[in-house]
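Undergrad: mmCIF, C-alpha atoms, saved as upload01.cif, coming up:
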data_my_file
#
loop_
_atom_site.label_atom_id
_atom_site.label_comp_id
_atom_site.auth_asym_id
_atom_site.auth_seq_id
_atom_site.Cartn_x
_atom_site.Cartn_y
_atom_site.Cartn_z
CA MET S 1 -86.74 74.27 120.65
CA ALA S 2 -84.20 72.92 118.49
CA THR S 3 -80.75 73.12 119.85
CA LYS S 4 -78.12 75.02 117.93
CA ARG S 5 -75.45 72.96 116.58
CA LYS S 6 -72.06 74.09 117.86
CA ARG S 7 -69.88 75.10 115.00
CA ARG S 8 -66.54 73.63 115.09
CA SER S 9 -63.74 75.96 114.21
CA ARG S 10 -61.27 74.81 111.71
CA SER S 11 -57.70 75.16 112.64
CA ARG S 12 -54.63 74.78 110.55
CA PRO S 13 -52.63 71.77 111.21
CA ARG S 14 -49.38 72.57 112.79
CA ALA S 15 -46.34 71.71 110.83
CA ASN S 16 -44.50 68.78 112.10
CA PRO S 17 -41.01 69.87 113.05
CA ALA S 18 -39.70 66.51 112.01
CA ALA S 19 -41.03 66.99 108.55
CA LYS S 20 -38.96 70.07 107.89
CA GLY S 21 -36.58 69.61 104.99
CA THR S 22 -38.84 67.04 103.29
CA SER S 23 -41.23 69.46 101.68
CA ALA S 24 -41.44 69.77 97.91
CA THR S 25 -39.87 73.15 97.98
CA PRO S 26 -36.66 72.84 99.92
CA THR S 27 -35.46 75.96 101.55
CA THR S 28 -31.94 74.87 102.32
CA GLU S 29 -28.97 76.22 100.28
CA PRO S 30 -27.08 73.83 98.02
CA SER S 31 -23.88 72.37 99.34
CA SER S 32 -20.49 73.73 98.35
CA GLU S 33 -19.76 70.66 96.24
CA ALA S 34 -22.93 71.15 94.24
CA SER S 35 -22.27 74.80 93.71
CA ALA S 36 -18.74 74.07 92.51
CA ALA S 37 -20.08 71.73 89.87
CA LYS S 38 -22.54 74.22 88.45
CA PRO S 39 -21.34 76.72 85.90
CA SER S 40 -21.47 80.36 86.79
CA SER S 41 -24.21 82.32 85.17
CA LYS S 42 -22.14 85.50 84.98
CA GLY S 43 -21.53 86.18 81.28
CA ALA S 44 -21.11 83.91 78.34
CA GLY S 45 -17.33 83.88 78.58
CA ALA S 46 -17.14 82.70 82.12
CA LYS S 47 -14.74 79.88 82.79
CA THR S 48 -15.64 76.82 84.76
CA ALA S 49 -13.90 76.35 88.05
CA ALA S 50 -13.14 72.77 87.17
CA ARG S 51 -10.93 73.68 84.18
CA PRO S 52 -7.21 73.27 85.06
CA LYS S 53 -4.89 76.21 84.69
CA THR S 54 -2.37 76.02 81.86
CA THR S 55 1.13 77.61 81.94
CA LYS S 56 2.63 79.25 78.87
CA ARG S 57 5.76 77.59 77.56
CA ARG S 58 8.61 79.56 76.11
CA PRO S 59 9.50 78.65 72.55
CA ALA S 60 12.47 76.35 72.34
CA GLN S 61 15.74 78.15 71.53
CA PRO S 62 17.33 77.04 68.26
CA PRO S 63 20.69 75.33 68.66
CA PRO S 64 23.75 77.57 68.02
CA ARG S 65 24.89 77.62 64.44
CA ARG S 66 28.12 75.87 63.74
CA THR S 67 30.65 77.56 61.48
CA SER S 68 31.30 75.61 58.36
CA PRO S 69 34.85 74.21 58.09
CA TRP S 70 35.12 75.84 54.66
CA VAL S 71 34.43 79.26 56.18
CA ARG S 72 37.30 78.72 58.62
CA VAL S 73 39.61 77.64 55.83
CA VAL S 74 38.74 80.73 53.77
CA ALA S 75 39.24 83.03 56.78
CA VAL S 76 42.66 81.55 57.58
CA GLY S 77 43.64 81.76 53.92
CA ALA S 78 42.62 85.41 53.77
CA VAL S 79 44.74 86.23 56.82
CA ILE S 80 47.74 84.43 55.33
CA ALA S 81 47.31 86.19 51.99
CA LEU S 82 47.05 89.59 53.66
CA GLY S 83 50.18 88.96 55.71
CA TRP S 84 52.01 87.83 52.59
CA LEU S 85 51.03 91.01 50.74
CA LEU S 86 51.91 93.31 53.63
CA PHE S 87 55.11 91.72 54.92
CA TYR S 88 56.54 89.17 52.48
CA ARG S 89 55.66 89.75 48.84
CA THR S 90 58.31 91.60 46.84
CA THR S 91 57.03 93.95 44.14
CA PRO S 92 58.26 92.94 40.68
CA PRO S 93 59.83 95.62 38.46
CA GLY S 94 57.45 97.47 36.18
CA GLU S 95 57.64 98.90 32.71
CA ILE S 96 59.06 102.37 32.16
CA SER S 97 56.14 104.60 31.24
CA ALA S 98 55.48 105.69 27.66
CA VAL S 99 55.91 109.32 28.73
CA ALA S 100 59.40 108.61 30.06
CA ARG S 101 60.39 106.64 26.97
CA SER S 102 59.11 109.39 24.69
CA ALA S 103 61.09 111.99 26.62
CA ALA S 104 64.20 109.80 26.45
CA ARG S 105 63.93 109.49 22.67
CA ALA S 106 63.51 113.24 22.31
CA ALA S 107 66.51 113.87 24.55
CA GLY S 108 68.71 111.38 22.69
CA CYS S 109 69.21 108.98 25.65
CA ALA S 110 71.03 105.69 25.14
CA ASN S 111 69.28 102.35 25.29
CA LEU S 112 68.45 100.92 28.71
CA GLU S 113 71.19 98.56 29.91
CA GLN S 114 69.86 95.50 31.71
CA PRO S 115 71.79 93.59 32.84
CA VAL S 116 74.91 95.66 32.99
CA ILE S 117 76.99 92.71 34.27
CA ALA S 118 76.24 89.03 33.94
CA ASP S 119 75.95 87.43 37.39
CA PRO S 120 77.44 90.30 39.44
CA SER S 121 79.17 89.58 42.75
CA ARG S 122 77.49 90.64 45.98
CA THR S 123 80.45 90.11 48.33
CA HIS S 124 81.15 92.59 51.10
CA LEU S 125 84.44 94.41 51.12
CA ALA S 126 86.34 95.36 54.26
CA PRO S 127 84.69 98.39 55.92
CA GLY S 128 85.93 101.52 54.17
CA GLY S 129 87.71 99.48 51.50
CA THR S 130 87.91 100.49 47.85
CA TYR S 131 87.15 98.56 44.69
CA ASP S 132 88.09 99.23 41.08
CA TYR S 133 84.83 98.75 39.17
CA PRO S 134 85.50 97.92 35.51
CA ASP S 135 82.40 99.74 34.23
CA ARG S 136 81.38 102.98 35.88
CA PRO S 137 79.25 104.30 37.38
CA ALA S 138 78.85 100.89 38.96
CA ALA S 139 75.37 99.38 39.01
CA ALA S 140 76.31 96.14 40.80
CA GLY S 141 79.27 94.26 42.22
CA PRO S 142 81.21 93.98 45.48
CA HIS S 143 80.37 96.74 47.94
CA ASP S 144 80.97 98.18 51.38
CA PRO S 145 79.04 96.48 54.21
CA SER S 146 77.50 99.86 55.17
CA PRO S 147 75.16 101.53 52.65
CA LEU S 148 74.52 105.25 52.54
CA PRO S 149 71.85 106.40 55.02
CA PRO S 150 68.28 107.07 53.78
CA ASP S 151 68.82 110.78 54.43
CA PRO S 152 69.99 113.03 52.96
CA HIS S 153 68.59 112.27 49.53
CA VAL S 154 70.73 114.82 47.71
CA TYR S 155 74.51 115.12 48.17
CA PRO S 156 76.43 118.19 47.02
CA ASP S 157 79.65 116.18 46.69
CA PRO S 158 80.49 112.74 45.28
CA VAL S 159 79.65 109.78 47.52
CA PRO S 160 81.71 106.61 48.15
CA GLU S 161 80.75 104.40 45.22
CA THR S 162 81.15 101.15 47.16
CA ARG S 163 78.52 102.31 49.65
CA ALA S 164 76.20 103.50 46.87
CA VAL S 165 76.31 100.06 45.25
CA HIS S 166 75.12 98.58 48.53
CA ASN S 167 72.10 100.92 48.34
CA LEU S 168 71.38 99.60 44.87
CA GLU S 169 71.38 96.07 46.31
CA HIS S 170 68.56 97.27 48.63
CA ALA S 171 66.48 98.47 45.66
CA TYR S 172 67.42 102.15 45.76
CA VAL S 173 67.61 104.31 42.65
CA ILE S 174 70.66 106.55 42.25
CA VAL S 175 70.79 109.63 40.03
CA TYR S 176 74.30 110.65 39.03
CA TYR S 177 75.04 113.78 37.02
CA LEU S 178 78.06 115.53 35.59
CA PRO S 179 78.48 118.88 37.38
CA THR S 180 77.23 121.82 35.36
CA ALA S 181 80.61 123.54 35.50
CA GLN S 182 82.18 120.54 33.77
CA GLY S 183 79.72 120.53 30.89
CA GLY S 184 76.92 118.62 32.63
CA PRO S 185 73.16 119.30 32.64
CA SER S 186 71.98 122.83 33.29
CA ALA S 187 71.44 124.22 36.76
CA GLU S 188 67.68 124.02 36.19
CA VAL S 189 67.95 120.31 35.45
CA VAL S 190 69.97 119.74 38.62
CA GLN S 191 67.50 121.78 40.67
CA ARG S 192 64.42 119.98 39.34
CA LEU S 193 65.99 116.55 39.79
CA SER S 194 67.08 117.46 43.34
CA ALA S 195 63.49 118.40 44.21
CA LEU S 196 62.28 115.07 42.77
CA ALA S 197 64.85 113.08 44.75
CA ASN S 198 63.95 114.86 47.99
CA ASP S 199 60.28 113.98 47.52
CA GLU S 200 60.91 110.28 46.85
CA LYS S 201 61.84 107.46 49.21
CA ARG S 202 64.85 105.28 48.42
CA VAL S 203 66.29 107.76 45.91
CA ILE S 204 69.76 109.30 46.17
CA MET S 205 71.28 111.97 43.93
CA ALA S 206 74.93 112.96 43.77
CA PRO S 207 77.45 114.46 41.31
CA TYR S 208 79.74 112.07 39.42
CA PRO S 209 82.67 114.02 37.98
CA THR S 210 83.96 111.31 35.61
CA LEU S 211 80.84 111.31 33.43
CA THR S 212 81.03 112.91 30.00
CA PRO S 213 78.71 115.42 28.32
CA GLU S 214 77.46 112.64 26.01
CA ARG S 215 76.50 110.75 29.16
CA GLY S 216 75.95 113.64 31.51
CA LEU S 217 73.02 112.01 33.37
CA ALA S 218 72.98 108.42 34.64
CA LEU S 219 70.03 106.64 36.29
CA LEU S 220 70.90 103.44 38.17
CA ALA S 221 69.03 100.53 39.78
CA TRP S 222 70.63 97.19 40.68
CA ASN S 223 72.36 95.92 37.51
CA THR S 224 70.29 98.41 35.49
CA ARG S 225 71.55 101.67 33.94
CA TRP S 226 70.25 104.42 31.66
CA PHE S 227 72.39 107.24 30.22
CA CYS S 228 71.15 110.57 28.87
CA PRO S 229 73.17 113.45 27.38
CA ALA S 230 73.86 116.63 29.30
CA SER S 231 71.68 118.54 26.81
CA VAL S 232 68.51 117.02 28.31
CA THR S 233 65.95 119.65 29.29
CA ALA S 234 64.50 119.97 32.78
CA ASP S 235 61.06 118.64 31.74
CA GLN S 236 62.62 115.72 29.91
CA ALA S 237 64.91 114.90 32.84
CA VAL S 238 62.04 114.87 35.35
CA ALA S 239 59.88 112.68 33.10
CA ILE S 240 62.73 110.22 32.44
CA ALA S 241 63.81 110.00 36.07
CA GLY S 242 60.22 109.70 37.31
CA GLY S 243 59.50 106.80 34.97
CA PHE S 244 62.72 105.03 35.95
CA ILE S 245 62.01 105.42 39.67
CA ASP S 246 58.45 104.14 39.33
CA ALA S 247 59.61 101.08 37.40
CA TYR S 248 62.54 99.93 39.58
CA ARG S 249 62.55 101.54 43.03
CA ALA S 250 61.81 99.02 45.87
CA THR S 251 61.26 96.13 43.44
CA SER S 252 62.66 92.65 43.01
CA VAL S 253 65.10 93.93 40.41
CA ALA S 254 67.40 94.09 43.46
CA PRO S 255 68.35 90.95 45.41
CA GLU S 256 67.60 92.53 48.79
CA ALA S 257 64.48 94.50 47.99
CA PRO S 258 62.08 95.30 50.85
CA HIS S 259 59.41 92.66 51.44
CA GLY S 260 55.72 93.40 51.39
CA LEU S 261 53.74 96.55 50.71
CA LEU S 262 54.93 97.97 54.02
CA GLY S 263 58.56 97.04 53.37
CA PRO S 264 59.66 100.35 51.80
CA TRP S 265 58.50 102.14 54.95
CA LEU S 266 59.62 99.57 57.51
CA GLN S 267 63.02 98.65 56.04
CA PRO S 268 65.85 101.14 55.47
#
Please express the file's structure as structure tokens.
TA:
Amino acid sequence: MATKRKRRSRSRPRANPAAKGTSATPTTEPSSEASAAKPSSKGAGAKTAARPKTTKRRPAQPPPRRTSPWVRVVAVGAVIALGWLLFYRTTPPGEISAVARSAARAAGCANLEQPVIADPSRTHLAPGGTYDYPDRPAAAGPHDPSPLPPDPHVYPDPVPETRAVHNLEHAYVIVYYLPTAQGGPSAEVVQRLSALANDEKRVIMAPYPTLTPERGLALLAWNTRWFCPASVTADQAVAIAGGFIDAYRATSVAPEAPHGLLGPWLQP
């Protein structure tokens, strides 16, 4: 009887422990260095870890602008010019308005006298002293060292003429009139002129008894004089006096006029 051939069982070869890690399909995880070198697969906009970080720089500040020397020169010149206008410049005399001249012709006023005296003296007399002016009412000449005060503007009685001349030297305007009772301008004229004088700076009004009806109203600035007859109407008198004041008050017609635009308010 034929003997049965013993069947040999096949067994799987045991893996060699030493061969681990050398198989074709490695099972170990990549090292940290390798993983750092590989780009991340998360999104198309992912940044690589190897790219250096950049810091934002602030834009450079422009250098400060330097003021041009010409700008400084103009600024200094403007300050000097303003100071000259406000505190130094003396206003020149103006022209008497056409309205005033027309009223003077209608009233029969005399021609404007300017100058009244050639090269008048400006010497000071002794305080309270008198002087015999050759041509009255005096528009210039020696005078008292103390002028009349700025107020009152209207005097009911005659004023010391030597003091009034000193006011003229300081660019005042003086309105003299023959009293109504002596044949001078009407009471309405006196009243209207008094109201005008009270409303104006550097204007003084007073009676002057030695005037005549033919020259019943006299307007005076320094070395300047204008006579009108006593028959002048109130409207004519106001127009004539207003034009005279506007032309000569606080102007360089006087040797000691106030300086600058602020002078009439800052100087007595």
Undergrad: Between CA of Arg163 (chain S) and CA of Thr130 (chain S), what is the spacing in Å?
TA: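 Taking CA of Thr130 (chain S) and CA of Arg163 (chain S), their separation equals 9.7 Å.
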Undergrad: Which residues fall under the PyMOL selection byres ((chain S and resi 215-218) around 7) in this file, as a VMD selection string?
TA: chain S and resid 175 to 178 184 to 185 211 to 214 219 to 220 225 to 230
Undergrad: Could you write out as a ChimeraX atom specification the residues that the PyMOL selection byres ((chain S and resi 126) around 12) matches in the shown file?
TA: /S:123-125,127-131,142-146,162-163
Undergrad: Taking the file as shown, what set of residues would the PyMOL selection byres ((chain S and resi 108) around 9) give back, as an MDAnalysis selection string?
TA: chainID S and resid 103:107 109:110 228:229 231:232
Undergrad: What does the distance from CA of Ala247 (chain S) to CA of Pro207 (chain S) come to in Å, to one decimal?
TA: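 CA of Pro207 (chain S) lies at a distance of 22.6 Å from CA of Ala247 (chain S).
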Undergrad: When you draw a straight line from CA of Ala171 (chain S) to CA of Pro134 (chain S), how long is it in Å?
TA: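 According to the coordinates, CA of Ala171 (chain S) and CA of Pro134 (chain S) are separated by 21.6 Å.
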Undergrad: Pick the closest to Gly243 (chain S) from S:Pro209, S:Gly94, S:Pro152, S:Pro147: which is it, counting all atoms listed in the file?
TA: S:Gly94
Undergrad: I need every residue sitting at most 9 Å from the point (61.6, 117.8, 35.3) (coordinates as in the file, all atoms listed in the file considered), written as a ChimeraX atom specification.
TA: /S:188-189,191-193,196,233-242
Undergrad: Of the residues S:Pro137, S:Pro64, S:Pro69, S:Pro92, which is the one nearest to His259 (chain S), using only C-alpha atoms?
TA: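 Of all the options, S:Pro92 lies closest to His259 (chain S).
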Undergrad: Compare S:Lys201, S:Arg136, S:Arg57, S:Arg122 by their minimum atom-to-atom distance to Ala254 (chain S), counting all atoms listed in the file, and give me the closest one.
TA: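 Comparing S:Lys201, S:Arg136, S:Arg57, S:Arg122 against Ala254 (chain S), the winner is S:Arg122.
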Undergrad: So, counting all atoms listed in the file, which residue among S:His153, S:Gly183, S:Arg249, S:Val190 is closest to Met205 (chain S)?
TA: S:His153
Undergrad: Counting all atoms listed in the file, figure out which residue out of S:Ala206, S:Ala195, S:Thr251, S:Val116 gets nearest to Leu148 (chain S).
TA: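 The answer is S:Ala206, which sits nearest to Leu148 (chain S).
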Undergrad: Tell me which of S:Thr91, S:Thr224, S:Ser97, S:Ser102 sits closest to Ala140 (chain S), counting all atoms listed in the file.
TA: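 Nearest to Ala140 (chain S): S:Thr224.
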